[in-house]
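*Asks:* Got a structure for you, questions after.
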Amino acid sequence: PSEPEDPTARSRLERDGKPADYIITHCPPEGIRLYREQQGKAGYPHDSLTDFLEEVKHRVAYSHWYFGHYHGQTTIEEKHHLVYEDISPILPM
């Protein structure tokens, strides 16, 4: 969410922040962004969006989080997936 949308997003997170099978975003949460930076991977600067996504990470129980901002392919901490060119099935066949 943009800064003007923050109060609404946080309110909905509080109200609707129930377990989720998957979270799909463009950017990763701050902890994942920072982990990649510490691994020497080119990244993007810290900002309010990655902070908000970090809040989501700690408040919502989820099985997998997919993001593609870094244009690569890797899994971090078993349930955070950087996806760019591969197709990742998320529903049982």
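Following the order of the structure tokens, first chain is A, next is B, and so on, with residues numbered from 1 inside each chain and ligands from 1 in the order they appear.
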Using only C-alpha atoms, find each residue in range 18-46 of chain A having at least one atom no more than 10 Å away from range 64-70 of chain A; report its shortest atom-to-atom pair and that distance in Å (one decimal), rows by chain then rising number, as JSON lines.
*Replies:*
```
{"residue": "A:Ala20", "atom": "CA", "partner": "A:His64", "partner_atom": "CA", "distance": 8.6}
{"residue": "A:Asp21", "atom": "CA", "partner": "A:His64", "partner_atom": "CA", "distance": 6.6}
{"residue": "A:Tyr22", "atom": "CA", "partner": "A:His64", "partner_atom": "CA", "distance": 5.0}
{"residue": "A:Ile23", "atom": "CA", "partner": "A:Trp65", "partner_atom": "CA", "distance": 4.6}
{"residue": "A:Ile24", "atom": "CA", "partner": "A:Tyr66", "partner_atom": "CA", "distance": 4.8}
{"residue": "A:Thr25", "atom": "CA", "partner": "A:Phe67", "partner_atom": "CA", "distance": 5.0}
{"residue": "A:His26", "atom": "CA", "partner": "A:Phe67", "partner_atom": "CA", "distance": 4.9}
{"residue": "A:Cys27", "atom": "CA", "partner": "A:His69", "partner_atom": "CA", "distance": 5.2}
{"residue": "A:Pro28", "atom": "CA", "partner": "A:Phe67", "partner_atom": "CA", "distance": 5.9}
{"residue": "A:Pro29", "atom": "CA", "partner": "A:Phe67", "partner_atom": "CA", "distance": 9.3}
{"residue": "A:Arg33", "atom": "CA", "partner": "A:Tyr70", "partner_atom": "CA", "distance": 9.5}
{"residue": "A:Arg36", "atom": "CA", "partner": "A:Tyr70", "partner_atom": "CA", "distance": 9.7}
{"residue": "A:Lys41", "atom": "CA", "partner": "A:Tyr70", "partner_atom": "CA", "distance": 9.2}
{"residue": "A:Ala42", "atom": "CA", "partner": "A:Tyr70", "partner_atom": "CA", "distance": 8.1}
{"residue": "A:Gly43", "atom": "CA", "partner": "A:Tyr70", "partner_atom": "CA", "distance": 7.0}
{"residue": "A:Tyr44", "atom": "CA", "partner": "A:Tyr70", "partner_atom": "CA", "distance": 8.5}
```
*Asks:* Would you write out those residues with all heavy atoms, as a compact mmCIF listing (two decimals), in the first residue's frame?
*Replies:*
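Full text of out-v2.txt as output:
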```
# COMPACT_ATOMS: atom_id res chain seq x y z
N ALA A 20 -3.28 -18.10 5.52
CA ALA A 20 -3.36 -18.10 4.06
C ALA A 20 -2.46 -19.22 3.54
O ALA A 20 -1.42 -19.50 4.12
CB ALA A 20 -2.88 -16.76 3.52
N ASP A 21 -2.89 -19.84 2.47
CA ASP A 21 -2.03 -20.83 1.85
C ASP A 21 -0.83 -20.14 1.20
O ASP A 21 0.31 -20.56 1.38
CB ASP A 21 -2.78 -21.63 0.79
CG ASP A 21 -3.84 -22.54 1.41
OD1 ASP A 21 -3.62 -23.04 2.54
OD2 ASP A 21 -4.89 -22.73 0.78
N TYR A 22 -1.10 -19.08 0.44
CA TYR A 22 -0.06 -18.41 -0.32
C TYR A 22 -0.18 -16.90 -0.19
O TYR A 22 -1.28 -16.37 -0.12
CB TYR A 22 -0.16 -18.77 -1.81
CG TYR A 22 -0.16 -20.25 -2.04
CD1 TYR A 22 -1.34 -20.92 -2.34
CD2 TYR A 22 1.01 -20.98 -1.96
CE1 TYR A 22 -1.35 -22.29 -2.54
CE2 TYR A 22 1.01 -22.36 -2.16
CZ TYR A 22 -0.17 -23.00 -2.45
OH TYR A 22 -0.17 -24.35 -2.65
N ILE A 23 0.96 -16.24 -0.21
CA ILE A 23 1.01 -14.79 -0.35
C ILE A 23 1.83 -14.54 -1.60
O ILE A 23 2.92 -15.10 -1.77
CB ILE A 23 1.66 -14.12 0.88
CG1 ILE A 23 0.79 -14.36 2.12
CG2 ILE A 23 1.85 -12.62 0.62
CD1 ILE A 23 1.37 -13.81 3.41
N ILE A 24 1.30 -13.72 -2.50
CA ILE A 24 1.97 -13.41 -3.76
C ILE A 24 2.11 -11.90 -3.86
O ILE A 24 1.10 -11.19 -3.87
CB ILE A 24 1.18 -13.99 -4.95
CG1 ILE A 24 1.02 -15.50 -4.79
CG2 ILE A 24 1.87 -13.62 -6.27
CD1 ILE A 24 0.09 -16.16 -5.78
N THR A 25 3.34 -11.43 -3.88
CA THR A 25 3.61 -10.00 -3.98
C THR A 25 4.75 -9.77 -4.96
O THR A 25 5.46 -10.71 -5.34
CB THR A 25 4.03 -9.41 -2.61
OG1 THR A 25 5.19 -10.08 -2.14
CG2 THR A 25 2.91 -9.53 -1.59
N HIS A 26 4.92 -8.54 -5.35
CA HIS A 26 6.06 -8.21 -6.20
C HIS A 26 7.33 -8.13 -5.34
O HIS A 26 8.35 -8.71 -5.68
CB HIS A 26 5.82 -6.88 -6.93
CG HIS A 26 6.94 -6.50 -7.83
ND1 HIS A 26 7.20 -7.16 -9.01
CD2 HIS A 26 7.90 -5.55 -7.72
CE1 HIS A 26 8.26 -6.63 -9.58
NE2 HIS A 26 8.71 -5.65 -8.82
N CYS A 27 7.26 -7.40 -4.25
CA CYS A 27 8.41 -7.21 -3.35
C CYS A 27 8.38 -8.24 -2.22
O CYS A 27 7.32 -8.70 -1.84
CB CYS A 27 8.36 -5.83 -2.71
SG CYS A 27 8.50 -4.49 -3.88
N PRO A 28 9.53 -8.54 -1.65
CA PRO A 28 9.58 -9.42 -0.49
C PRO A 28 9.45 -8.61 0.80
O PRO A 28 9.60 -7.39 0.79
CB PRO A 28 10.97 -10.04 -0.58
CG PRO A 28 11.80 -8.93 -1.13
CD PRO A 28 10.90 -8.23 -2.12
N PRO A 29 9.20 -9.27 1.92
CA PRO A 29 9.24 -8.57 3.20
C PRO A 29 10.67 -8.11 3.52
O PRO A 29 11.65 -8.62 2.97
CB PRO A 29 8.75 -9.61 4.21
CG PRO A 29 8.76 -10.91 3.52
CD PRO A 29 8.85 -10.68 2.06
N ARG A 33 14.53 -9.14 2.12
CA ARG A 33 15.34 -8.14 1.40
C ARG A 33 16.70 -7.99 2.08
O ARG A 33 17.74 -8.02 1.43
CB ARG A 33 14.63 -6.78 1.37
CG ARG A 33 15.35 -5.74 0.49
CD ARG A 33 15.07 -4.33 0.95
NE ARG A 33 15.61 -4.02 2.25
CZ ARG A 33 16.89 -3.68 2.50
NH1 ARG A 33 17.77 -3.63 1.53
NH2 ARG A 33 17.29 -3.41 3.73
N ARG A 36 19.01 -11.09 1.58
CA ARG A 36 19.64 -11.08 0.26
C ARG A 36 20.78 -10.07 0.21
O ARG A 36 21.84 -10.35 -0.36
CB ARG A 36 18.62 -10.79 -0.84
CG ARG A 36 17.72 -11.98 -1.13
CD ARG A 36 16.79 -11.71 -2.29
NE ARG A 36 17.44 -11.16 -3.46
CZ ARG A 36 18.09 -11.87 -4.39
NH1 ARG A 36 18.19 -13.18 -4.26
NH2 ARG A 36 18.63 -11.28 -5.44
N LYS A 41 23.79 -10.12 -2.58
CA LYS A 41 22.94 -10.07 -3.77
C LYS A 41 22.50 -8.63 -4.00
O LYS A 41 22.14 -7.92 -3.07
CB LYS A 41 21.68 -10.94 -3.59
CG LYS A 41 21.96 -12.36 -3.20
CD LYS A 41 22.58 -13.14 -4.34
CE LYS A 41 22.72 -14.60 -3.94
NZ LYS A 41 23.53 -15.35 -4.81
N ALA A 42 22.52 -8.23 -5.25
CA ALA A 42 22.05 -6.88 -5.58
C ALA A 42 20.61 -6.75 -5.15
O ALA A 42 19.81 -7.67 -5.31
CB ALA A 42 22.18 -6.63 -7.07
N GLY A 43 20.29 -5.64 -4.57
CA GLY A 43 18.94 -5.48 -4.07
C GLY A 43 18.44 -4.06 -4.21
O GLY A 43 18.99 -3.26 -4.95
N TYR A 44 17.44 -3.80 -3.50
CA TYR A 44 16.80 -2.51 -3.50
C TYR A 44 16.84 -1.96 -2.09
O TYR A 44 16.93 -2.71 -1.13
CB TYR A 44 15.36 -2.64 -4.00
CG TYR A 44 15.29 -3.05 -5.45
CD1 TYR A 44 15.33 -4.39 -5.81
CD2 TYR A 44 15.21 -2.09 -6.45
CE1 TYR A 44 15.29 -4.77 -7.15
CE2 TYR A 44 15.16 -2.46 -7.77
CZ TYR A 44 15.20 -3.81 -8.12
OH TYR A 44 15.16 -4.18 -9.44
```
*Asks:* Between CA of His81 in chain A and CA of Arg10 in chain A, what is the distance in Å, rounded to a tenth?
*Replies:*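 That distance, rounded to one decimal, is 24.0 Å.
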*Asks:* Work out how far CA of Glu30 in chain A is from CA of Glu54 in chain A, in Å to one decimal.
*Replies:*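 Calculated distance between CA of Glu54 in chain A and CA of Glu30 in chain A is 5.3 Å.
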*Asks:* Can you list, as a PyMOL selection string, every residue of chain A that DSSP puts in strand (DSSP E or B)?
*Replies:* chain A and resi 20-24+62-67+74-76+80-82
*Asks:* Include all heavy atoms and write out the residues we just selected as a compact mmCIF listing (two decimals), in the first residue's frame.
*Replies:*
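To be explicit, this is the file written out as result.txt:
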```
# COMPACT_ATOMS: atom_id res chain seq x y z
N ALA A 20 -3.28 -18.10 5.52
CA ALA A 20 -3.36 -18.10 4.06
C ALA A 20 -2.46 -19.22 3.54
O ALA A 20 -1.42 -19.50 4.12
CB ALA A 20 -2.88 -16.76 3.52
N ASP A 21 -2.89 -19.84 2.47
CA ASP A 21 -2.03 -20.83 1.85
C ASP A 21 -0.83 -20.14 1.20
O ASP A 21 0.31 -20.56 1.38
CB ASP A 21 -2.78 -21.63 0.79
CG ASP A 21 -3.84 -22.54 1.41
OD1 ASP A 21 -3.62 -23.04 2.54
OD2 ASP A 21 -4.89 -22.73 0.78
N TYR A 22 -1.10 -19.08 0.44
CA TYR A 22 -0.06 -18.41 -0.32
C TYR A 22 -0.18 -16.90 -0.19
O TYR A 22 -1.28 -16.37 -0.12
CB TYR A 22 -0.16 -18.77 -1.81
CG TYR A 22 -0.16 -20.25 -2.04
CD1 TYR A 22 -1.34 -20.92 -2.34
CD2 TYR A 22 1.01 -20.98 -1.96
CE1 TYR A 22 -1.35 -22.29 -2.54
CE2 TYR A 22 1.01 -22.36 -2.16
CZ TYR A 22 -0.17 -23.00 -2.45
OH TYR A 22 -0.17 -24.35 -2.65
N ILE A 23 0.96 -16.24 -0.21
CA ILE A 23 1.01 -14.79 -0.35
C ILE A 23 1.83 -14.54 -1.60
O ILE A 23 2.92 -15.10 -1.77
CB ILE A 23 1.66 -14.12 0.88
CG1 ILE A 23 0.79 -14.36 2.12
CG2 ILE A 23 1.85 -12.62 0.62
CD1 ILE A 23 1.37 -13.81 3.41
N ILE A 24 1.30 -13.72 -2.50
CA ILE A 24 1.97 -13.41 -3.76
C ILE A 24 2.11 -11.90 -3.86
O ILE A 24 1.10 -11.19 -3.87
CB ILE A 24 1.18 -13.99 -4.95
CG1 ILE A 24 1.02 -15.50 -4.79
CG2 ILE A 24 1.87 -13.62 -6.27
CD1 ILE A 24 0.09 -16.16 -5.78
N TYR A 62 1.10 -18.47 6.95
CA TYR A 62 1.03 -18.82 5.54
C TYR A 62 1.97 -19.99 5.25
O TYR A 62 2.92 -20.24 5.97
CB TYR A 62 1.39 -17.61 4.65
CG TYR A 62 2.75 -17.03 4.93
CD1 TYR A 62 3.86 -17.45 4.21
CD2 TYR A 62 2.94 -16.09 5.93
CE1 TYR A 62 5.11 -16.94 4.48
CE2 TYR A 62 4.18 -15.57 6.21
CZ TYR A 62 5.27 -16.00 5.47
OH TYR A 62 6.51 -15.49 5.75
N SER A 63 1.66 -20.69 4.16
CA SER A 63 2.49 -21.84 3.76
C SER A 63 3.65 -21.41 2.88
O SER A 63 4.77 -21.91 3.04
CB SER A 63 1.65 -22.87 3.01
OG SER A 63 0.64 -23.36 3.86
N HIS A 64 3.40 -20.51 1.93
CA HIS A 64 4.43 -20.09 0.98
C HIS A 64 4.20 -18.64 0.59
O HIS A 64 3.07 -18.19 0.47
CB HIS A 64 4.43 -20.95 -0.27
CG HIS A 64 4.78 -22.37 0.01
ND1 HIS A 64 6.08 -22.81 0.11
CD2 HIS A 64 3.99 -23.44 0.24
CE1 HIS A 64 6.08 -24.10 0.38
NE2 HIS A 64 4.83 -24.50 0.47
N TRP A 65 5.31 -17.93 0.35
CA TRP A 65 5.28 -16.55 -0.11
C TRP A 65 6.10 -16.48 -1.39
O TRP A 65 7.26 -16.86 -1.41
CB TRP A 65 5.90 -15.64 0.95
CG TRP A 65 5.77 -14.17 0.72
CD1 TRP A 65 5.99 -13.49 -0.46
CD2 TRP A 65 5.38 -13.19 1.68
NE1 TRP A 65 5.77 -12.15 -0.27
CE2 TRP A 65 5.41 -11.94 1.04
CE3 TRP A 65 5.06 -13.26 3.03
CZ2 TRP A 65 5.10 -10.77 1.70
CZ3 TRP A 65 4.75 -12.09 3.68
CH2 TRP A 65 4.76 -10.86 3.02
N TYR A 66 5.46 -16.02 -2.46
CA TYR A 66 6.12 -15.89 -3.75
C TYR A 66 6.30 -14.42 -4.08
O TYR A 66 5.38 -13.62 -3.91
CB TYR A 66 5.27 -16.55 -4.84
CG TYR A 66 5.16 -18.05 -4.67
CD1 TYR A 66 4.11 -18.60 -3.94
CD2 TYR A 66 6.09 -18.91 -5.23
CE1 TYR A 66 4.01 -19.98 -3.77
CE2 TYR A 66 5.99 -20.28 -5.07
CZ TYR A 66 4.95 -20.80 -4.34
OH TYR A 66 4.85 -22.15 -4.17
N PHE A 67 7.49 -14.05 -4.57
CA PHE A 67 7.76 -12.68 -5.00
C PHE A 67 8.72 -12.73 -6.18
O PHE A 67 9.41 -13.72 -6.39
CB PHE A 67 8.34 -11.85 -3.84
CG PHE A 67 9.64 -12.37 -3.30
CD1 PHE A 67 10.84 -11.85 -3.74
CD2 PHE A 67 9.67 -13.39 -2.36
CE1 PHE A 67 12.05 -12.33 -3.25
CE2 PHE A 67 10.87 -13.88 -1.86
CZ PHE A 67 12.06 -13.35 -2.31
N THR A 74 15.07 -18.64 -6.54
CA THR A 74 15.66 -19.27 -5.37
C THR A 74 14.60 -19.40 -4.28
O THR A 74 13.56 -18.75 -4.33
CB THR A 74 16.87 -18.47 -4.84
OG1 THR A 74 17.56 -19.25 -3.87
CG2 THR A 74 16.47 -17.15 -4.22
N THR A 75 14.87 -20.25 -3.32
CA THR A 75 14.02 -20.39 -2.14
C THR A 75 14.83 -19.96 -0.93
O THR A 75 15.99 -20.31 -0.79
CB THR A 75 13.55 -21.84 -1.98
OG1 THR A 75 12.73 -22.17 -3.10
CG2 THR A 75 12.74 -22.03 -0.71
N ILE A 76 14.19 -19.17 -0.06
CA ILE A 76 14.83 -18.65 1.14
C ILE A 76 13.99 -19.08 2.33
O ILE A 76 12.77 -18.89 2.33
CB ILE A 76 14.93 -17.12 1.09
CG1 ILE A 76 15.73 -16.68 -0.15
CG2 ILE A 76 15.55 -16.56 2.36
CD1 ILE A 76 15.61 -15.22 -0.48
N HIS A 80 9.84 -18.99 1.34
CA HIS A 80 9.88 -17.73 0.59
C HIS A 80 10.55 -18.01 -0.75
O HIS A 80 11.70 -18.43 -0.78
CB HIS A 80 10.65 -16.66 1.38
CG HIS A 80 10.02 -16.38 2.69
ND1 HIS A 80 10.46 -16.97 3.85
CD2 HIS A 80 8.96 -15.61 3.02
CE1 HIS A 80 9.68 -16.56 4.85
NE2 HIS A 80 8.77 -15.74 4.37
N HIS A 81 9.82 -17.77 -1.83
CA HIS A 81 10.28 -18.18 -3.15
C HIS A 81 10.40 -16.97 -4.07
O HIS A 81 9.41 -16.31 -4.36
CB HIS A 81 9.30 -19.18 -3.75
CG HIS A 81 8.98 -20.31 -2.83
ND1 HIS A 81 9.81 -21.39 -2.64
CD2 HIS A 81 7.92 -20.50 -2.01
CE1 HIS A 81 9.27 -22.21 -1.75
NE2 HIS A 81 8.12 -21.69 -1.35
N LEU A 82 11.63 -16.73 -4.52
CA LEU A 82 11.86 -15.74 -5.56
C LEU A 82 11.62 -16.45 -6.88
O LEU A 82 12.28 -17.45 -7.18
CB LEU A 82 13.30 -15.21 -5.47
CG LEU A 82 13.79 -14.35 -6.62
CD1 LEU A 82 12.91 -13.12 -6.81
CD2 LEU A 82 15.24 -13.95 -6.39
```
